[in-house]
Structure formats: structure tokens, C-alpha cells
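Below is one structure; the comments refer to it alone.
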Amino acid sequence: MIRLALSEIGVDPAKYYVVPVPDLEIHAIWVSHVCSLVPRFDVVYSNEPLTRRLFIEAGFKVEGIPFYRRKECSATEIRNRMLYGGDWESLLPRSVAKYILEIDGVERLRDLSRTDKV
């Protein structure tokens, strides 16, 4: 979905990498784990407090990311709108909304949410 959104706004795929980084429960080695998986970088962009702290303590420059319509465009809000029939598509890039519809993402989310109920 990241690639779809970047392509939609004309970002050249040669200018970025999307690297999946599995999470670890061991915070002491997480920064070195990330560094072992990605190309060299100079700045970490994150608003997540633990991520920020770990990279700062490892000597990296860390910058925050400005939020865009944070309350309305949060993943939680988008999922809630999907679950309860609200307008979620207007909060996402068209290509991402189209992809979610193509993979029957709303029904998949609804199905998963049913398994959470006791």
C-alpha cells in the first residue's frame, strides 16, 4: 500500500526502499537489528516514543513527523469507519482504497473483528 500511495503522487520508485522490519521483543538489540536490514541512513523519522528513545540512545538523529489530520486520518478511525459503514475511502489515497476493495479488505476486517469478541 505504501508503494501504491507513493506511485499515485508520482514518487520515483528508484528514490526509496520499502523494507519490512520484523519487530523484536528485545529492545536492547532492536536498533542493531534494524540497521542490519536496511541501507545506511542518517536520520530516523518517528513519533513513537520507544523508537525515538532507542535510536537517540544509539546516537542517531531522530526527527518527528508532522501529523496530517491526525484524529480523522488515524488507522483506528479508518478501521472503525470500515467496521461500522462510515466513509473511510476519502481518508486514503485512491489507489490504496481501490486495493483494499479489490482484496475485500473491509469484509476481512469485519471477519477478524468478530474473532475478538468473547
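In the C-alpha cells, chains take the letters A, B, ... in the order shown, each chain's residues start at 1, and ligands count up from 1 in the order shown.
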
List the spatial neighbours of Ile78 of chain A as a CSV table (one decimal) with N, CA and C atoms, in the first residue's frame - criterion: any atom at most 10 Å away, only C-alpha atoms, same-chain residues fewer than 6 positions off excluded.
chain,number,residue,atom,x,y,z
A,71,LYS,N,-6.6,13.1,14.0
A,71,LYS,CA,-7.8,12.4,14.6
A,71,LYS,C,-8.6,11.7,13.5
A,72,GLU,N,-8.8,12.4,12.4
A,72,GLU,CA,-9.6,11.8,11.3
A,72,GLU,C,-8.9,10.8,10.5
A,86,GLY,N,-19.0,3.6,7.8
A,86,GLY,CA,-18.7,5.0,7.6
A,86,GLY,C,-17.9,5.3,6.3
A,87,ASP,N,-17.6,6.5,6.0
A,87,ASP,CA,-16.8,6.9,4.8
A,87,ASP,C,-15.4,6.8,5.2
A,88,TRP,N,-14.7,5.8,4.8
A,88,TRP,CA,-13.3,5.6,5.0
A,88,TRP,C,-12.4,5.9,3.8
A,89,GLU,N,-13.0,5.6,2.6
A,89,GLU,CA,-12.3,5.8,1.4
A,89,GLU,C,-11.7,7.2,1.1
A,90,SER,N,-12.4,8.2,1.6
A,90,SER,CA,-12.0,9.6,1.3
A,90,SER,C,-10.7,9.9,2.2
A,91,LEU,N,-10.4,9.1,3.2
A,91,LEU,CA,-9.3,9.3,4.1
A,91,LEU,C,-8.0,8.7,3.5
A,92,LEU,N,-8.1,8.0,2.5
A,92,LEU,CA,-6.9,7.3,1.9
A,92,LEU,C,-6.6,7.7,0.5

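Within chain A, the backbone-based DSSP assignment of strand (DSSP E) covers Val43, Val44, Tyr45, Lys61, Val62 and Glu63 of chain A.
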
Just N, CA and C atoms for this one: save the residues we selected as a PDB file, in the first residue's frame.
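The result, stored in result09.pdb:
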ATOM      1  N   VAL A  43      19.083   9.778   9.339  1.00  0.00           N
ATOM      2  CA  VAL A  43      18.028  10.326  10.200  1.00  0.00           C
ATOM      3  C   VAL A  43      16.937   9.278  10.360  1.00  0.00           C
ATOM      4  N   VAL A  44      16.402   9.189  11.564  1.00  0.00           N
ATOM      5  CA  VAL A  44      15.244   8.348  11.850  1.00  0.00           C
ATOM      6  C   VAL A  44      14.047   9.268  12.008  1.00  0.00           C
ATOM      7  N   TYR A  45      12.969   8.974  11.316  1.00  0.00           N
ATOM      8  CA  TYR A  45      11.734   9.746  11.436  1.00  0.00           C
ATOM      9  C   TYR A  45      10.710   8.892  12.169  1.00  0.00           C
ATOM     10  N   LYS A  61      20.292  10.736  14.851  1.00  0.00           N
ATOM     11  CA  LYS A  61      19.444  11.930  14.805  1.00  0.00           C
ATOM     12  C   LYS A  61      18.018  11.435  14.566  1.00  0.00           C
ATOM     13  N   VAL A  62      17.082  11.908  15.383  1.00  0.00           N
ATOM     14  CA  VAL A  62      15.686  11.486  15.280  1.00  0.00           C
ATOM     15  C   VAL A  62      14.811  12.723  15.138  1.00  0.00           C
ATOM     16  N   GLU A  63      13.940  12.702  14.149  1.00  0.00           N
ATOM     17  CA  GLU A  63      13.013  13.809  13.924  1.00  0.00           C
ATOM     18  C   GLU A  63      11.581  13.304  13.941  1.00  0.00           C
TER      19      GLU A  63
END

Show me, as CSV, the residues of segment 76-105 of chain A having an atom within 7 Å of segment 2-8 of chain A, each with the closest atom pair and its distance in Å, using only C-alpha atoms.
residue,atom,partner,partner_atom,distance
A:Pro93,CA,A:Ala5,CA,6.0
A:Ser95,CA,A:Leu4,CA,5.9
A:Val96,CA,A:Leu4,CA,6.3

Write a file of the just-selected residues containing C-alpha atoms, as a PDB file, in the first residue's frame.
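And here is the file that came out, out32.pdb:
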ATOM      1  CA  PRO A  93      -5.159   7.697  -1.384  1.00  0.00           C
ATOM      2  CA  SER A  95      -5.038   3.662  -5.115  1.00  0.00           C
ATOM      3  CA  VAL A  96      -4.975   2.343  -1.539  1.00  0.00           C
TER       4      VAL A  96
END

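Take the candidates A:Lys15, A:His33, A:Arg79, A:Arg70 and check each one against Arg108 of chain A using only C-alpha atoms; the shortest distance goes to A:Arg79.
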
Counting only C-alpha atoms, what is within 12 Å of Leu37 of chain A, bar same-chain residues fewer than 6 positions away, as a PDB file with C-alpha atoms, in the first residue's frame?
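Saved as selection-v5.pdb:
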ATOM      1  CA  TYR A  17      13.117   1.336  -0.411  1.00  0.00           C
ATOM      2  CA  VAL A  18      10.279  -0.279   1.478  1.00  0.00           C
ATOM      3  CA  VAL A  19      11.918  -2.675   3.913  1.00  0.00           C
ATOM      4  CA  PRO A  20       9.802  -4.850   6.193  1.00  0.00           C
ATOM      5  CA  VAL A  21      11.368  -4.907   9.645  1.00  0.00           C
ATOM      6  CA  PRO A  22      10.067  -7.630  11.946  1.00  0.00           C
ATOM      7  CA  ASP A  23       9.501  -6.445  15.492  1.00  0.00           C
ATOM      8  CA  TRP A  30      16.312  -3.654  18.137  1.00  0.00           C
ATOM      9  CA  VAL A  31      18.334  -0.724  16.730  1.00  0.00           C
TER      10      VAL A  31
END

Filtered DSSP result for chain A, state helix (DSSP H, G or I), as a PyMOL selection string: chain A and resi 2-8+13-15+27-37+49-57+75-84+89-91+94-102+105-115

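Going from atom CA of Gly85 of chain A to atom CA of Gly105 of chain A covers 13.0 Å.
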
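Residue nearest Asn47 of chain A, chosen from A:Phe67, A:Gly10, A:Ala97, A:Val34 and counting only C-alpha atoms: A:Phe67.
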
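Ranking A:Ile26, A:Ile9, A:Ala58, A:Met1 by their shortest atom-to-atom distance to Ile100 of chain A, with only C-alpha atoms included, puts A:Met1 first.
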
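Interatomic distance, atom CA of Thr115 of chain A to atom CA of Leu83 of chain A: 13.4 Å.
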
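Closest to Phe60 of chain A among A:Tyr99, A:Tyr16, A:Tyr84, A:Phe41 is A:Phe41, based on only C-alpha atoms.
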
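What separates atom CA of Arg52 of chain A from atom CA of Ile29 of chain A is a distance of 14.4 Å.
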